[in-house]
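Undergrad: To be precise about what I am sending: the file is called run-v7.txt and holds compact mmCIF, C-alpha atoms and all ligand atoms.
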```txt
# COMPACT_ATOMS: atom_id res chain seq x y z
CA SER R 595 24.14 30.42 -14.68
CA ALA R 596 20.71 30.49 -13.09
CA VAL R 597 18.00 33.04 -12.40
CA LEU R 598 17.58 32.75 -8.63
CA PRO R 599 14.50 33.59 -6.56
CA ILE R 600 14.65 37.13 -5.11
CA ALA R 601 13.76 37.65 -1.43
CA THR R 602 11.07 40.29 -0.98
CA VAL R 603 10.75 42.56 2.04
CA GLY R 604 9.56 40.63 5.07
CA GLU R 605 12.03 37.78 4.47
CA LYS R 606 14.28 37.67 7.54
CA ILE R 607 17.46 37.25 5.51
CA LEU R 608 17.06 40.87 4.33
CA ALA R 609 17.31 42.06 7.95
CA GLN R 610 20.41 40.00 8.78
CA HIS R 611 24.05 41.14 8.71
CA ALA R 612 25.80 39.19 5.93
CA GLN R 613 28.91 37.11 6.68
CA ALA R 614 32.40 38.04 5.40
CA VAL R 615 33.71 35.98 2.48
CA THR R 616 36.96 34.22 3.41
CA VAL R 617 37.37 31.62 0.62
CA PHE R 618 37.59 32.92 -2.96
CA ASP R 619 36.72 29.63 -4.65
CA VAL R 620 34.50 28.41 -7.47
CA SER R 621 31.39 28.55 -5.26
CA ILE R 622 31.70 32.32 -4.78
CA GLN R 623 32.38 32.72 -8.50
CA SER R 624 29.25 30.76 -9.43
CA LEU R 625 27.18 32.73 -6.90
CA ALA R 626 28.41 35.98 -8.50
CA ASP R 627 27.50 34.62 -11.94
CA ASP R 628 23.98 33.65 -10.81
CA MET R 629 23.54 37.05 -9.11
CA LEU R 630 24.43 38.85 -12.35
CA THR R 631 22.03 36.67 -14.37
CA THR R 632 19.28 37.25 -11.80
CA MET R 633 19.90 41.02 -11.74
CA LEU R 634 19.85 41.29 -15.56
CA ALA R 635 16.62 39.27 -15.77
CA ALA R 636 15.02 41.82 -13.43
CA ASN R 637 16.47 44.87 -15.26
CA GLY R 638 18.44 45.74 -12.15
CA VAL R 639 21.56 47.89 -11.87
CA GLY R 640 22.75 46.17 -8.71
CA ILE R 641 22.02 43.16 -6.50
CA ALA R 642 23.27 41.93 -3.10
CA ALA R 643 23.74 38.28 -2.04
CA PRO R 644 21.11 38.41 0.76
CA GLN R 645 18.53 39.21 -1.93
CA VAL R 646 19.12 35.75 -3.41
CA PHE R 647 19.02 34.13 0.05
CA SER R 648 22.79 33.96 0.50
CA SER R 649 24.07 35.69 3.62
CA ALA R 650 27.46 36.58 2.11
CA ALA R 651 29.06 40.05 2.12
CA MET R 652 29.01 40.36 -1.65
CA PHE R 653 27.14 42.43 -4.22
CA ILE R 654 27.26 43.39 -7.88
CA MET R 655 27.11 46.93 -9.32
CA ALA R 656 26.24 46.99 -13.01
CA SER R 657 24.75 50.31 -14.02
CA ARG R 658 23.58 50.60 -17.61
CA PRO R 659 20.61 52.33 -19.23
CA ASN R 660 17.52 50.09 -19.02
CA PRO R 661 13.73 50.54 -18.87
CA ARG R 662 13.88 51.06 -15.10
CA TYR R 663 16.77 53.57 -15.21
CA PRO R 664 16.96 55.09 -18.72
CA ASP R 665 19.59 57.69 -17.64
CA ALA R 666 21.87 55.25 -15.81
CA PRO R 667 25.57 55.51 -16.78
CA ASN R 668 27.19 52.59 -18.59
CA MET R 669 29.73 50.55 -16.62
CA ARG R 670 31.21 47.06 -16.75
CA PRO R 671 29.70 44.87 -13.97
CA VAL R 672 31.80 44.98 -10.78
CA VAL R 673 31.76 42.19 -8.16
CA VAL R 674 32.27 43.71 -4.69
CA ILE R 675 33.27 41.38 -1.82
CA ASN R 676 33.69 42.35 1.87
CA PRO R 677 32.86 46.03 1.14
CA ARG R 678 34.05 48.86 3.40
CA ILE R 679 33.21 52.56 3.17
CA LEU R 680 36.38 54.38 4.33
CA GLU R 681 35.35 58.03 3.79
CA THR R 682 32.11 59.84 2.94
CA SER R 683 31.55 63.36 1.54
CA THR R 684 29.57 65.83 3.63
CA GLN R 685 27.72 66.71 0.41
CA MET R 686 24.56 64.63 0.07
CA GLU R 687 22.28 64.07 -2.95
CA LEU R 688 18.58 63.17 -2.98
CA ALA R 689 17.32 60.79 -5.71
CA GLU R 690 14.78 58.05 -6.27
CA GLU R 691 15.86 54.46 -5.77
CA GLY R 692 14.17 51.16 -6.47
CA CYS R 693 14.89 47.80 -4.85
CA LEU R 694 14.42 44.39 -6.46
CA SER R 695 13.19 43.20 -3.04
CA ILE R 696 10.53 45.94 -2.85
CA PRO R 697 8.81 45.60 -6.23
CA ASP R 698 7.14 48.56 -7.96
CA GLN R 699 8.22 51.13 -5.37
CA ARG R 700 10.50 54.17 -5.79
CA VAL R 701 11.75 55.94 -2.67
CA LYS R 702 13.61 59.26 -2.45
CA ILE R 703 16.83 58.65 -0.50
CA TRP R 704 19.65 60.94 0.64
CA ARG R 705 23.09 59.48 -0.14
CA HIS R 706 26.69 60.74 0.11
CA ALA R 707 27.67 62.34 -3.21
CA GLN R 708 31.18 60.80 -3.04
CA ILE R 709 32.60 57.84 -1.10
CA LYS R 710 36.02 56.21 -0.73
CA VAL R 711 35.55 52.44 -0.71
CA GLN R 712 37.63 49.30 -0.28
CA TYR R 713 36.64 45.73 -1.19
CA HIS R 714 37.97 42.41 -2.49
CA ASP R 715 37.50 41.29 -6.09
CA LEU R 716 36.68 37.69 -7.09
CA ASN R 717 40.38 36.80 -6.95
CA GLY R 718 40.70 38.10 -3.39
CA ASN R 719 42.66 41.20 -4.43
CA LEU R 720 42.08 44.29 -2.30
CA ILE R 721 40.67 47.18 -4.37
CA SER R 722 40.40 50.83 -3.27
CA ASP R 723 38.28 53.28 -5.25
CA ILE R 724 36.51 56.63 -5.09
CA LEU R 725 32.91 56.57 -6.36
CA VAL R 726 30.61 59.46 -7.25
CA GLY R 727 27.05 59.96 -8.50
CA PHE R 728 24.78 57.07 -9.42
CA VAL R 729 27.47 54.41 -8.95
CA ALA R 730 28.23 55.76 -5.44
CA ARG R 731 24.49 55.54 -4.82
CA ILE R 732 24.30 51.91 -5.93
CA PHE R 733 27.29 51.03 -3.71
CA GLN R 734 25.59 52.64 -0.67
CA HIS R 735 22.29 50.87 -1.44
CA GLU R 736 23.98 47.46 -1.75
CA PHE R 737 26.20 48.14 1.28
CA ASP R 738 23.00 48.72 3.28
CA HIS R 739 21.75 45.25 2.24
CA ILE R 740 24.95 43.69 3.63
CA GLN R 741 24.09 45.37 6.96
CA GLY R 742 20.46 44.16 6.81
CA ILE R 743 19.08 47.61 5.89
CA THR R 744 16.58 48.26 3.06
CA LEU R 745 15.05 51.41 1.54
CA LEU R 746 12.09 51.11 3.93
CA GLU R 747 14.36 51.79 6.91
CA ARG R 748 15.90 54.80 5.12
CA SER R 749 12.95 56.47 3.45
CA ASN R 750 12.28 60.14 4.33
O1 LIG T 801 17.59 46.10 -5.24
C1 LIG T 801 18.61 46.31 -5.86
N1 LIG T 801 19.81 46.17 -5.29
O2 LIG T 801 19.86 45.81 -3.98
N2 LIG T 801 18.60 46.77 -7.14
C2 LIG T 801 18.37 48.18 -7.39
C3 LIG T 801 19.71 48.90 -7.31
C4 LIG T 801 19.65 50.41 -7.21
C5 LIG T 801 20.37 51.04 -6.21
C6 LIG T 801 20.38 52.41 -6.08
C7 LIG T 801 19.64 53.22 -6.99
C8 LIG T 801 18.90 52.59 -7.99
C9 LIG T 801 18.90 51.19 -8.11
C10 LIG T 801 17.76 48.30 -8.78
O3 LIG T 801 16.71 48.93 -8.89
O4 LIG T 801 18.35 47.76 -9.71
ZN ZN T 802 17.98 46.62 -3.03
```
Turn the structure described in the file into structure tokens.
Ligand SMILES: O=C(NO)N[C@@H](Cc1ccccc1)C(=O)O
Ligand SMILES: [Zn+2]

TA:
Amino acid sequence: SAVLPIATVGEKILAQHAQAVTVFDVSIQSLADDMLTTMLAANGVGIAAPQVFSSAAMFIMASRPNPRYPDAPNMRPVVVINPRILETSTQMELAEEGCLSIPDQRVKIWRHAQIKVQYHDLNGNLISDILVGFVARIFQHEFDHIQGITLLERSN
């Protein structure tokens, strides 16, 4: 697996809508592997394909305590393909977020406290889940990237 270059804000790929994944083959598996390696090298807790110059509707959520987020909950990395947000709570939470494409910045962002999501896993299986707290926040942040939205368009 490789550490890939990360697009920084201003790169047009970050403003594009990513394309749905239709073939669950070795190329998507190796992209997911490289995204995880790239995210870990940057002490990230999530990363979306457009950030590594691939306009695919795919991201990784991998919260764990690290120097950038010492209080982050521990979870096994999850590969999310063709994400959908089916339901959102009215309750919102405000917290600071960073973005690997906007180095050395933290922005306070309102996010839904709880979301019902649906996505495909690397084998093409359809997964439904309900997310809360920091993991729900990461999902919403990465989902924005798939729509070509970054923190700068959301900051209050
Ligand atoms: O830039 C990304 N992902 O796109 N990575 C962010 C993910 C993130 C999302 C929400 C709250 C905190 C952190 C990071 O700092 O690891
Ligand atoms: Zn980001």

Undergrad: With distances taken over all atoms listed in the file, which of R:Ile622, R:Val597, R:Ala614, R:Val729 is nearest to Arg658 (chain R)?

TA: R:Val729

Undergrad: Using only C-alpha atoms for the distances, tell me which of R:Leu598, R:Ala626, R:Ala666, R:Val646 is nearest to Asp715 (chain R).

TA: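 Nearest to Asp715 (chain R): R:Ala626.
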
Undergrad: Between CA of Thr602 (chain R) and CA of Leu746 (chain R), what distance in Å does the model show, to one decimal?

TA: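 So the two atoms, CA of Thr602 (chain R) and CA of Leu746 (chain R), lie 11.9 Å apart.
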
Undergrad: Around (36.5, 46.3, 2.7) in the file's frame, which residues reach within 7 Å when counting all atoms listed in the file? Return as a PyMOL selection string?

TA: chain R and resi 676-678+712-714

Undergrad: Calculated over all atoms listed in the file, which of the candidates R:Lys710, R:Arg662, R:Arg705, R:Arg731 has the smallest distance to Leu634 (chain R)?

TA: R:Arg662

Undergrad: Work out where the centre of an axis-aligned box around every listed atom of region 666-680 of chain R lies and how long its edges are once 3 Å is added on each side; give both in Å to one decimal as JSON.

TA:
```
{"center_x": 29.1, "center_y": 48.4, "center_z": -7.1, "size_x": 20.5, "size_y": 20.1, "size_z": 28.9}
```

Undergrad: Grab the atom O4 of ligand LIG 801 (chain T) to CA of Gly640 (chain R) distance for me, in Å with one decimal place.

TA: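 Atom-to-atom, atom O4 of ligand LIG 801 (chain T) and CA of Gly640 (chain R) are spaced 4.8 Å apart.
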
Undergrad: Each residue of chain R with at least one atom at most 7 Å from ligand LIG 801 (chain T) should appear once, together with its nearest atom pair and the corresponding distance in Å (one decimal); atoms considered: only C-alpha atoms and all ligand atoms; ordering: chain, then increasing residue number; output as JSON lines.

TA:
```
{"residue": "R:Asn637", "atom": "CA", "partner": "T:LIG801", "partner_atom": "O4", "distance": 6.5}
{"residue": "R:Gly638", "atom": "CA", "partner": "T:LIG801", "partner_atom": "O4", "distance": 3.2}
{"residue": "R:Val639", "atom": "CA", "partner": "T:LIG801", "partner_atom": "O4", "distance": 3.9}
{"residue": "R:Gly640", "atom": "CA", "partner": "T:LIG801", "partner_atom": "C3", "distance": 4.3}
{"residue": "R:Ile641", "atom": "CA", "partner": "T:LIG801", "partner_atom": "N1", "distance": 3.9}
{"residue": "R:Ala642", "atom": "CA", "partner": "T:LIG801", "partner_atom": "O2", "distance": 5.2}
{"residue": "R:Glu690", "atom": "CA", "partner": "T:LIG801", "partner_atom": "C7", "distance": 6.9}
{"residue": "R:Glu691", "atom": "CA", "partner": "T:LIG801", "partner_atom": "C7", "distance": 4.2}
{"residue": "R:Gly692", "atom": "CA", "partner": "T:LIG801", "partner_atom": "O3", "distance": 4.2}
{"residue": "R:Cys693", "atom": "CA", "partner": "T:LIG801", "partner_atom": "O1", "distance": 3.2}
{"residue": "R:Leu694", "atom": "CA", "partner": "T:LIG801", "partner_atom": "O1", "distance": 3.8}
{"residue": "R:Ser695", "atom": "CA", "partner": "T:LIG801", "partner_atom": "O1", "distance": 5.7}
{"residue": "R:Phe728", "atom": "CA", "partner": "T:LIG801", "partner_atom": "C7", "distance": 6.9}
{"residue": "R:Arg731", "atom": "CA", "partner": "T:LIG801", "partner_atom": "C6", "distance": 5.3}
{"residue": "R:Ile732", "atom": "CA", "partner": "T:LIG801", "partner_atom": "C6", "distance": 4.0}
{"residue": "R:His735", "atom": "CA", "partner": "T:LIG801", "partner_atom": "C5", "distance": 5.1}
{"residue": "R:Glu736", "atom": "CA", "partner": "T:LIG801", "partner_atom": "O2", "distance": 5.0}
{"residue": "R:His739", "atom": "CA", "partner": "T:LIG801", "partner_atom": "O2", "distance": 6.5}
```

Undergrad: Name the residues in contact with Asp738 (chain R) at a cut-off of 10 Å, using only C-alpha atoms, excluding same-chain residues fewer than 5 positions from it; report them as number ranges by chain.

TA: R: 608-609, 611, 642, 732-733, 743-745, 747-748

Undergrad: To one decimal place in Å, what is the distance between CA of Val701 (chain R) and CA of Ser749 (chain R)?

TA: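 These two atoms are separated by 6.3 Å.
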
Undergrad: In terms of the shortest atom-to-atom distance over only C-alpha atoms, which of R:Pro661, R:Pro697, R:Pro599, R:Pro671 is closest to Pro644 (chain R)?

TA: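 So, comparing all the options, the nearest one is R:Pro599.
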
Undergrad: I'd like the neighbourhood of His706 (chain R) as number ranges by chain, where a residue qualifies if any of its atoms comes within 7 Å (using only C-alpha atoms), though same-chain residues fewer than 4 positions away should be ignored.

TA: R: 682-687

Undergrad: Out of R:Gln741, R:Thr631, R:Asn668, R:Gln623, which residue has the shortest atom-to-atom distance to ligand ZN 802 (chain T) when counting only C-alpha atoms and all ligand atoms?

TA: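 Between R:Gln741, R:Thr631, R:Asn668, R:Gln623, the residue approaching ligand ZN 802 (chain T) most closely is R:Gln741.
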
Undergrad: Find, counting all atoms listed in the file, the residue in R:Gln645, R:Ala689, R:Val726, R:Val674 that gets nearest to ligand ZN 802 (chain T).

TA: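 Ranking R:Gln645, R:Ala689, R:Val726, R:Val674 by distance to ligand ZN 802 (chain T), first place goes to R:Gln645.
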